[in-house]
>>> print(open('entry-v1.cif').read())   # mmCIF, C-alpha atoms
data_input
loop_
_atom_site.group_PDB
_atom_site.id
_atom_site.type_symbol
_atom_site.label_atom_id
_atom_site.label_comp_id
_atom_site.auth_asym_id
_atom_site.auth_seq_id
_atom_site.Cartn_x
_atom_site.Cartn_y
_atom_site.Cartn_z
ATOM 1 C CA MET V 148 -23.261 -115.675 -174.799
ATOM 2 C CA THR V 149 -20.022 -116.947 -176.372
ATOM 3 C CA LYS V 150 -18.207 -113.681 -175.653
ATOM 4 C CA ILE V 151 -19.424 -113.741 -172.062
ATOM 5 C CA VAL V 152 -18.225 -117.318 -171.561
ATOM 6 C CA LEU V 153 -14.789 -116.586 -172.999
ATOM 7 C CA ALA V 154 -14.531 -113.397 -170.946
ATOM 8 C CA LEU V 155 -15.262 -115.358 -167.770
ATOM 9 C CA ILE V 156 -12.628 -117.953 -168.646
ATOM 10 C CA GLY V 157 -10.184 -115.133 -169.345
ATOM 11 C CA LEU V 158 -11.032 -113.684 -165.961
ATOM 12 C CA PHE V 159 -10.227 -117.028 -164.338
ATOM 13 C CA ALA V 160 -6.764 -116.952 -165.893
ATOM 14 C CA SER V 161 -6.072 -113.307 -165.027
ATOM 15 C CA LEU V 162 -7.136 -113.801 -161.433
ATOM 16 C CA GLN V 163 -4.852 -116.793 -161.222
ATOM 17 C CA LEU V 164 -1.911 -114.623 -162.271
ATOM 18 C CA GLN V 165 -2.892 -111.959 -159.761
ATOM 19 C CA ALA V 166 -3.077 -114.594 -157.056
ATOM 20 C CA GLN V 167 0.425 -115.733 -157.930
ATOM 21 C CA ASN V 168 1.717 -112.173 -157.618
ATOM 22 C CA ILE V 169 -0.260 -111.115 -154.571
ATOM 23 C CA ASP V 170 -0.453 -114.273 -152.492
ATOM 24 C CA LYS V 171 3.174 -114.235 -151.427
ATOM 25 C CA SER V 172 4.393 -113.399 -147.958
ATOM 26 C CA GLU V 173 7.998 -112.702 -147.217
ATOM 27 C CA ILE V 174 9.560 -114.234 -144.098
ATOM 28 C CA GLN V 175 12.826 -112.831 -142.832
ATOM 29 C CA GLU V 176 15.471 -115.329 -141.811
ATOM 30 C CA PRO V 177 17.771 -114.489 -138.908
ATOM 31 C CA ASN V 178 20.526 -113.545 -141.381
ATOM 32 C CA GLY V 179 18.237 -111.000 -143.003
ATOM 33 C CA SER V 180 17.556 -112.839 -146.265
ATOM 34 C CA ALA V 181 13.966 -113.189 -147.423
ATOM 35 C CA ILE V 182 12.088 -116.378 -148.315
ATOM 36 C CA ASN V 183 9.049 -116.125 -150.577
ATOM 37 C CA ILE V 184 6.294 -118.543 -149.587
ATOM 38 C CA ALA V 185 3.314 -118.865 -151.926
ATOM 39 C CA VAL V 186 0.055 -118.848 -149.998
ATOM 40 C CA SER V 187 -3.095 -119.769 -151.917
ATOM 41 C CA LYS V 188 -6.305 -118.039 -150.878
ATOM 42 C CA PHE V 189 -8.300 -120.630 -152.727
ATOM 43 C CA ASP V 190 -9.216 -124.009 -151.347
ATOM 44 C CA LEU V 191 -9.466 -127.154 -153.424
ATOM 45 C CA GLU V 192 -12.412 -128.201 -151.265
ATOM 46 C CA ASP V 193 -14.360 -125.164 -152.475
ATOM 47 C CA GLY V 194 -13.986 -126.393 -156.032
ATOM 48 C CA ASN V 195 -15.057 -129.904 -155.060
ATOM 49 C CA SER V 196 -18.079 -128.523 -153.217
ATOM 50 C CA PHE V 197 -19.181 -126.439 -156.217
ATOM 51 C CA PHE V 198 -18.628 -129.435 -158.523
ATOM 52 C CA GLU V 199 -20.791 -131.714 -156.375
ATOM 53 C CA GLU V 200 -23.575 -129.109 -156.199
ATOM 54 C CA ALA V 201 -23.352 -128.686 -159.965
ATOM 55 C CA GLU V 202 -23.713 -132.431 -160.545
ATOM 56 C CA ASP V 203 -26.769 -132.439 -158.290
ATOM 57 C CA SER V 204 -28.326 -129.627 -160.357
ATOM 58 C CA GLU V 205 -27.436 -131.500 -163.540
ATOM 59 C CA ARG V 206 -29.231 -134.632 -162.294
ATOM 60 C CA LYS V 207 -32.296 -132.486 -161.589
ATOM 61 C CA GLY V 208 -32.192 -131.088 -165.115
ATOM 62 C CA ASP V 209 -31.397 -127.544 -163.968
ATOM 63 C CA TYR V 210 -28.654 -127.000 -166.548
ATOM 64 C CA ASN V 211 -28.411 -123.227 -166.131
ATOM 65 C CA GLU V 212 -27.708 -123.560 -162.409
ATOM 66 C CA ALA V 213 -25.319 -126.437 -163.081
ATOM 67 C CA LEU V 214 -23.477 -124.291 -165.629
ATOM 68 C CA THR V 215 -22.993 -121.532 -163.069
ATOM 69 C CA LEU V 216 -21.726 -123.940 -160.422
ATOM 70 C CA PHE V 217 -19.384 -125.770 -162.802
ATOM 71 C CA GLY V 218 -18.007 -122.348 -163.722
ATOM 72 C CA LYS V 219 -17.319 -121.586 -160.057
ATOM 73 C CA ALA V 220 -15.649 -124.971 -159.659
ATOM 74 C CA ALA V 221 -13.475 -124.267 -162.706
ATOM 75 C CA PHE V 222 -12.447 -120.948 -161.164
ATOM 76 C CA GLU V 223 -11.319 -122.600 -157.931
ATOM 77 C CA TYR V 224 -9.490 -125.453 -159.657
ATOM 78 C CA ASN V 225 -7.695 -123.027 -161.958
ATOM 79 C CA ALA V 226 -6.667 -120.905 -158.988
ATOM 80 C CA VAL V 227 -5.002 -123.821 -157.211
ATOM 81 C CA LYS V 228 -3.520 -125.101 -160.499
ATOM 82 C CA ASN V 229 -5.367 -128.419 -160.386
ATOM 83 C CA PHE V 230 -5.605 -128.575 -164.168
ATOM 84 C CA ASN V 231 -7.029 -132.090 -164.263
ATOM 85 C CA ARG V 232 -10.090 -131.088 -162.241
ATOM 86 C CA TYR V 233 -10.178 -127.741 -164.040
ATOM 87 C CA GLY V 234 -10.459 -129.600 -167.340
ATOM 88 C CA GLN V 235 -13.268 -131.768 -165.987
ATOM 89 C CA ALA V 236 -15.224 -128.699 -164.857
ATOM 90 C CA VAL V 237 -14.714 -126.956 -168.199
ATOM 91 C CA ILE V 238 -15.891 -130.065 -170.066
ATOM 92 C CA LYS V 239 -18.993 -130.078 -167.879
ATOM 93 C CA MET V 240 -19.626 -126.423 -168.709
ATOM 94 C CA SER V 241 -19.541 -127.320 -172.383
ATOM 95 C CA SER V 242 -21.901 -130.231 -171.740
ATOM 96 C CA MET V 243 -24.419 -127.926 -170.046
ATOM 97 C CA HIS V 244 -24.387 -125.604 -173.055
ATOM 98 C CA TYR V 245 -24.927 -128.651 -175.262
ATOM 99 C CA GLN V 246 -27.921 -129.735 -173.168
ATOM 100 C CA LEU V 247 -29.348 -126.218 -173.472
ATOM 101 C CA GLY V 248 -28.937 -126.285 -177.258
ATOM 102 C CA ARG V 249 -26.183 -123.662 -177.223
ATOM 103 C CA PHE V 250 -23.924 -125.549 -179.594
ATOM 104 C CA THR V 251 -21.732 -122.598 -180.557
ATOM 105 C CA ASP V 252 -20.990 -121.840 -176.905
ATOM 106 C CA ALA V 253 -20.196 -125.507 -176.268
ATOM 107 C CA GLU V 254 -17.897 -125.495 -179.295
ATOM 108 C CA GLN V 255 -16.026 -122.368 -178.180
ATOM 109 C CA ILE V 256 -15.384 -123.686 -174.665
ATOM 110 C CA LEU V 257 -14.065 -126.981 -176.030
ATOM 111 C CA LEU V 258 -11.838 -125.333 -178.624
ATOM 112 C CA ASN V 259 -10.555 -122.341 -176.707
ATOM 113 C CA VAL V 260 -10.402 -123.667 -173.149
ATOM 114 C CA ALA V 261 -10.597 -127.455 -172.808
ATOM 115 C CA LEU V 262 -8.427 -128.337 -175.795
ATOM 116 C CA LYS V 263 -5.803 -125.731 -174.896
ATOM 117 C CA ASN V 264 -5.748 -126.885 -171.279
ATOM 118 C CA TYR V 265 -5.175 -130.536 -172.192
ATOM 119 C CA SER V 266 -2.635 -129.673 -174.887
ATOM 120 C CA LYS V 267 -0.685 -127.449 -172.494
ATOM 121 C CA THR V 268 -0.563 -130.120 -169.794
ATOM 122 C CA GLY V 269 0.256 -132.902 -172.258
ATOM 123 C CA ASN V 270 -2.916 -134.835 -171.429
ATOM 124 C CA ARG V 271 -3.390 -136.768 -174.681
ATOM 125 C CA ALA V 272 -6.346 -138.734 -173.323
ATOM 126 C CA GLY V 273 -8.018 -135.422 -172.475
ATOM 127 C CA VAL V 274 -7.341 -134.145 -175.998
ATOM 128 C CA MET V 275 -8.775 -137.364 -177.445
ATOM 129 C CA ASN V 276 -11.971 -137.095 -175.404
ATOM 130 C CA THR V 277 -12.317 -133.425 -176.316
ATOM 131 C CA TYR V 278 -12.092 -134.379 -180.000
ATOM 132 C CA ASN V 279 -15.003 -136.773 -179.420
ATOM 133 C CA LEU V 280 -17.093 -134.049 -177.801
ATOM 134 C CA LEU V 281 -16.279 -131.599 -180.588
ATOM 135 C CA GLY V 282 -17.411 -134.202 -183.107
ATOM 136 C CA LYS V 283 -20.673 -134.528 -181.193
ATOM 137 C CA VAL V 284 -21.212 -130.766 -180.914
ATOM 138 C CA TYR V 285 -20.474 -130.094 -184.582
ATOM 139 C CA LEU V 286 -22.797 -132.937 -185.578
ATOM 140 C CA ALA V 287 -25.621 -131.431 -183.521
ATOM 141 C CA ASN V 288 -24.898 -128.049 -185.122
ATOM 142 C CA THR V 289 -25.082 -129.642 -188.629
ATOM 143 C CA LYS V 290 -21.407 -128.897 -189.339
ATOM 144 C CA TYR V 291 -20.674 -132.276 -190.812
ATOM 145 C CA THR V 292 -17.219 -131.642 -192.284
ATOM 146 C CA GLN V 293 -15.878 -130.407 -188.940
ATOM 147 C CA SER V 294 -17.617 -133.220 -187.085
ATOM 148 C CA MET V 295 -16.047 -135.841 -189.368
ATOM 149 C CA TRP V 296 -12.603 -134.279 -188.910
ATOM 150 C CA PHE V 297 -12.717 -134.351 -185.119
ATOM 151 C CA TYR V 298 -14.074 -137.895 -184.945
ATOM 152 C CA THR V 299 -11.241 -138.921 -187.282
ATOM 153 C CA GLN V 300 -8.652 -137.178 -185.084
ATOM 154 C CA GLN V 301 -10.103 -138.989 -182.070
ATOM 155 C CA GLY V 302 -9.652 -142.298 -183.869
ATOM 156 C CA ILE V 303 -6.026 -141.507 -184.745
ATOM 157 C CA LEU V 304 -5.210 -140.673 -181.118
ATOM 158 C CA ALA V 305 -7.160 -143.703 -179.899
ATOM 159 C CA LYS V 306 -4.940 -145.953 -182.015
ATOM 160 C CA GLN V 307 -1.817 -144.283 -180.662
ATOM 161 C CA LEU V 308 -3.024 -144.601 -177.084
ATOM 162 C CA LYS V 309 -4.341 -148.125 -177.729
ATOM 163 C CA SER V 310 -7.787 -147.155 -176.478
ATOM 164 C CA ASN V 311 -10.176 -149.645 -178.080
ATOM 165 C CA ASN V 312 -13.307 -148.049 -176.653
ATOM 166 C CA SER V 313 -12.401 -144.584 -177.870
ATOM 167 C CA TYR V 314 -11.564 -145.952 -181.307
ATOM 168 C CA ILE V 315 -14.968 -147.664 -181.525
ATOM 169 C CA GLU V 316 -16.641 -144.421 -180.424
ATOM 170 C CA SER V 317 -14.830 -142.521 -183.175
ATOM 171 C CA ILE V 318 -16.086 -145.005 -185.788
ATOM 172 C CA LEU V 319 -19.644 -144.736 -184.456
ATOM 173 C CA GLY V 320 -19.387 -140.943 -184.545
ATOM 174 C CA ILE V 321 -18.241 -141.042 -188.161
ATOM 175 C CA ALA V 322 -21.136 -143.394 -188.957
ATOM 176 C CA GLN V 323 -23.580 -140.877 -187.459
ATOM 177 C CA VAL V 324 -22.160 -138.142 -189.682
ATOM 178 C CA LYS V 325 -22.555 -140.365 -192.741
ATOM 179 C CA ILE V 326 -26.150 -141.132 -191.766
ATOM 180 C CA LYS V 327 -26.872 -137.402 -191.582
ATOM 181 C CA LYS V 328 -25.280 -136.988 -195.007
ATOM 182 C CA LYS V 329 -27.350 -139.937 -196.285
ATOM 183 C CA ASP V 330 -24.255 -141.979 -197.090
ATOM 184 C CA PHE V 331 -26.062 -145.070 -195.812
ATOM 185 C CA THR V 332 -23.892 -147.718 -197.483
ATOM 186 C CA LEU V 333 -20.709 -146.255 -196.021
ATOM 187 C CA ALA V 334 -22.375 -145.808 -192.639
ATOM 188 C CA LEU V 335 -23.368 -149.479 -192.570
ATOM 189 C CA ARG V 336 -19.771 -150.467 -193.261
ATOM 190 C CA ASP V 337 -18.625 -148.365 -190.309
ATOM 191 C CA LEU V 338 -21.245 -149.909 -188.073
ATOM 192 C CA LYS V 339 -20.090 -153.376 -189.108
ATOM 193 C CA SER V 340 -16.481 -152.428 -188.291
ATOM 194 C CA ALA V 341 -17.499 -151.039 -184.901
ATOM 195 C CA GLU V 342 -19.487 -154.198 -184.164
ATOM 196 C CA TRP V 343 -16.560 -156.434 -185.109
ATOM 197 C CA LEU V 344 -14.162 -154.446 -182.927
ATOM 198 C CA ALA V 345 -16.586 -154.492 -179.988
ATOM 199 C CA ASN V 346 -16.960 -158.253 -180.297
ATOM 200 C CA SER V 347 -13.173 -158.680 -180.478
ATOM 201 C CA ILE V 348 -12.782 -157.040 -177.067
ATOM 202 C CA LYS V 349 -15.925 -158.756 -175.743
ATOM 203 C CA SER V 350 -17.727 -155.467 -175.162
ATOM 204 C CA THR V 351 -21.513 -155.198 -175.295
ATOM 205 C CA GLN V 352 -21.812 -151.530 -174.352
ATOM 206 C CA TYR V 353 -22.205 -150.397 -177.984
ATOM 207 C CA LYS V 354 -24.765 -153.038 -178.955
ATOM 208 C CA THR V 355 -27.805 -150.797 -178.500
ATOM 209 C CA GLN V 356 -26.162 -147.833 -180.226
ATOM 210 C CA ILE V 357 -25.261 -149.941 -183.255
ATOM 211 C CA LYS V 358 -28.735 -151.492 -183.351
ATOM 212 C CA ASP V 359 -30.424 -148.064 -183.195
ATOM 213 C CA ALA V 360 -28.202 -146.711 -185.975
ATOM 214 C CA ARG V 361 -29.037 -149.643 -188.231
ATOM 215 C CA GLU V 362 -32.750 -149.222 -187.550
ATOM 216 C CA MET V 363 -32.478 -145.525 -188.399
ATOM 217 C CA ILE V 364 -30.808 -146.349 -191.722
ATOM 218 C CA ALA V 365 -33.467 -148.977 -192.444
ATOM 219 C CA SER V 366 -36.277 -146.528 -191.753
ATOM 220 C CA LYS V 367 -34.741 -143.842 -193.964
ATOM 221 C CA THR V 368 -34.005 -146.187 -196.870
ATOM 222 C CA THR V 369 -37.478 -147.738 -196.649
ATOM 223 C CA SER V 370 -39.069 -144.290 -196.657
ATOM 224 C CA LYS V 371 -36.998 -143.352 -199.684
ATOM 225 C CA LYS V 372 -38.226 -146.416 -201.605
ATOM 226 C CA VAL V 373 -41.856 -145.757 -200.702
ATOM 227 C CA ASN V 374 -41.639 -142.035 -201.514
ATOM 228 C CA PRO V 375 -39.044 -141.689 -204.309
ATOM 229 C CA SER V 376 -38.260 -138.154 -205.306
#
>>> encode(input="entry-v1.cif", output="structure tokens")
Amino acid sequence: MTKIVLALIGLFASLQLQAQNIDKSEIQEPNGSAINIAVSKFDLEDGNSFFEEAEDSERKGDYNEALTLFGKAAFEYNAVKNFNRYGQAVIKMSSMHYQLGRFTDAEQILLNVALKNYSKTGNRAGVMNTYNLLGKVYLANTKYTQSMWFYTQQGILAKQLKSNNSYIESILGIAQVKIKKKDFTLALRDLKSAEWLANSIKSTQYKTQIKDAREMIASKTTSKKVNPS
């Protein structure tokens, strides 16, 4: 599946180059000189239409159909060089693989397509958000070292971009990794830091997530005391 996904993305890029070479018409001026005018055969509205249909399929839980439609949207956006929307569609493709439990495919799209797209266009916020998603994907795939690294990189960029929410999310991601590794004391410290930061910006959106993480730690430590091994 990974090879197929990367081949399709490669096809998007190659077709874009073909479109640049083919979709040019020459107009002769009265003095005989030629003017090259680029004419795109692809319509941005087609991409938007596919994206909307994909989101509808996603809401219905039909992730395979959504994946196909997000792929078509990515193709159209890439063709018209709308790299912001292209990145959004690619991220959605990764998300659909994640929902389907295809963590390796999600990882490959994020690393080889989304991250490269945002790096090439200088979209540091896009890179930061991709780091967060990679942390999430690696965590789900029990690759804790990689997950920790990407959450940490997200936090570094969040500080540079002065994004408080993203920085809190990076701390919570790191706490989740530590919970999986049974580093409960360190995880609790991270949760306390995230809670303090959230309170400092008067945000309540992480309250439930922090509460659930603490309850998970409590349940695991209680179980360990009852059943020592």
>>> axis_aligned_box(input="entry-v1.cif", around="stretch 316-332 of chain V", padding_each_side="5 Å", output="JSON")
{"center_x": -21.1, "center_y": -142.4, "center_z": -189.0, "size_x": 22.5, "size_y": 20.7, "size_z": 27.1}
>>> residues_around(input="entry-v1.cif", residues="V:Thr268", least_positions_apart="5", cutoff="9 Å", atoms="only C-alpha atoms", output="PyMOL selection string")
chain V and resi 230-231+263
>>> resolve_selection(input="entry-v1.cif", expression="the PyMOL selection byres ((chain V and resi 197-206) around 12)", output="PyMOL selection string")
chain V and resi 190-196+207-224+232-233+235-240+242-244+246-247
>>> closest_residue(input="entry-v1.cif", among="V:Val227, V:Ile321, V:Leu286, V:Ala360", to="V:Tyr298", atoms="all atoms listed in the file")
V:Ile321
>>> atom_distance(input="entry-v1.cif", atom1="atom CA of V:Ser366", atom2="atom CA of V:Lys339")
17.8 Å
>>> atom_distance(input="entry-v1.cif", atom1="atom CA of V:Ala322", atom2="atom CA of V:Asp359")
11.9 Å
>>> residues_near_point(input="entry-v1.cif", point="(-6.8, -137.4, -176.2)", cutoff="10 Å", atoms="only C-alpha atoms", output="PDB file with C-alpha atoms, in the coordinates of the input")
ATOM      1  CA  LEU V 262      -8.427-128.337-175.795  1.00  0.00           C
ATOM      2  CA  TYR V 265      -5.175-130.536-172.192  1.00  0.00           C
ATOM      3  CA  SER V 266      -2.635-129.673-174.887  1.00  0.00           C
ATOM      4  CA  GLY V 269       0.256-132.902-172.258  1.00  0.00           C
ATOM      5  CA  ASN V 270      -2.916-134.835-171.429  1.00  0.00           C
ATOM      6  CA  ARG V 271      -3.390-136.768-174.681  1.00  0.00           C
ATOM      7  CA  ALA V 272      -6.346-138.734-173.323  1.00  0.00           C
ATOM      8  CA  GLY V 273      -8.018-135.422-172.475  1.00  0.00           C
ATOM      9  CA  VAL V 274      -7.341-134.145-175.998  1.00  0.00           C
ATOM     10  CA  MET V 275      -8.775-137.364-177.445  1.00  0.00           C
ATOM     11  CA  ASN V 276     -11.971-137.095-175.404  1.00  0.00           C
ATOM     12  CA  THR V 277     -12.317-133.425-176.316  1.00  0.00           C
ATOM     13  CA  TYR V 278     -12.092-134.379-180.000  1.00  0.00           C
ATOM     14  CA  ASN V 279     -15.003-136.773-179.420  1.00  0.00           C
ATOM     15  CA  GLN V 300      -8.652-137.178-185.084  1.00  0.00           C
ATOM     16  CA  GLN V 301     -10.103-138.989-182.070  1.00  0.00           C
ATOM     17  CA  GLY V 302      -9.652-142.298-183.869  1.00  0.00           C
ATOM     18  CA  ILE V 303      -6.026-141.507-184.745  1.00  0.00           C
ATOM     19  CA  LEU V 304      -5.210-140.673-181.118  1.00  0.00           C
ATOM     20  CA  ALA V 305      -7.160-143.703-179.899  1.00  0.00           C
ATOM     21  CA  GLN V 307      -1.817-144.283-180.662  1.00  0.00           C
ATOM     22  CA  LEU V 308      -3.024-144.601-177.084  1.00  0.00           C
ATOM     23  CA  SER V 310      -7.787-147.155-176.478  1.00  0.00           C
ATOM     24  CA  SER V 313     -12.401-144.584-177.870  1.00  0.00           C
TER      25      SER V 313
END
>>> resolve_selection(input="entry-v1.cif", expression="the PyMOL selection byres ((chain V and resi 334) around 10)", output="PyMOL selection string")
chain V and resi 318-333+335-340+360-361+364
>>> residues_around(input="entry-v1.cif", residues="V:Asn346", least_positions_apart="6", cutoff="12 Å", atoms="only C-alpha atoms", output="PyMOL selection string")
chain V and resi 311-312+315+339-340+352-354
>>> resolve_selection(input="entry-v1.cif", expression="the PyMOL selection byres ((chain V and resi 251) around 10)", output="list in words")
Met148, Thr149, Ser241, His244, Tyr245, Gly248, Arg249, Phe250, Asp252, Ala253, Glu254, Gln255, Ile256, Leu257, Val284, Tyr285 and Asn288 of chain V
>>> atom_distance(input="entry-v1.cif", atom1="atom CA of V:Thr369", atom2="atom CA of V:Gln356")
19.9 Å
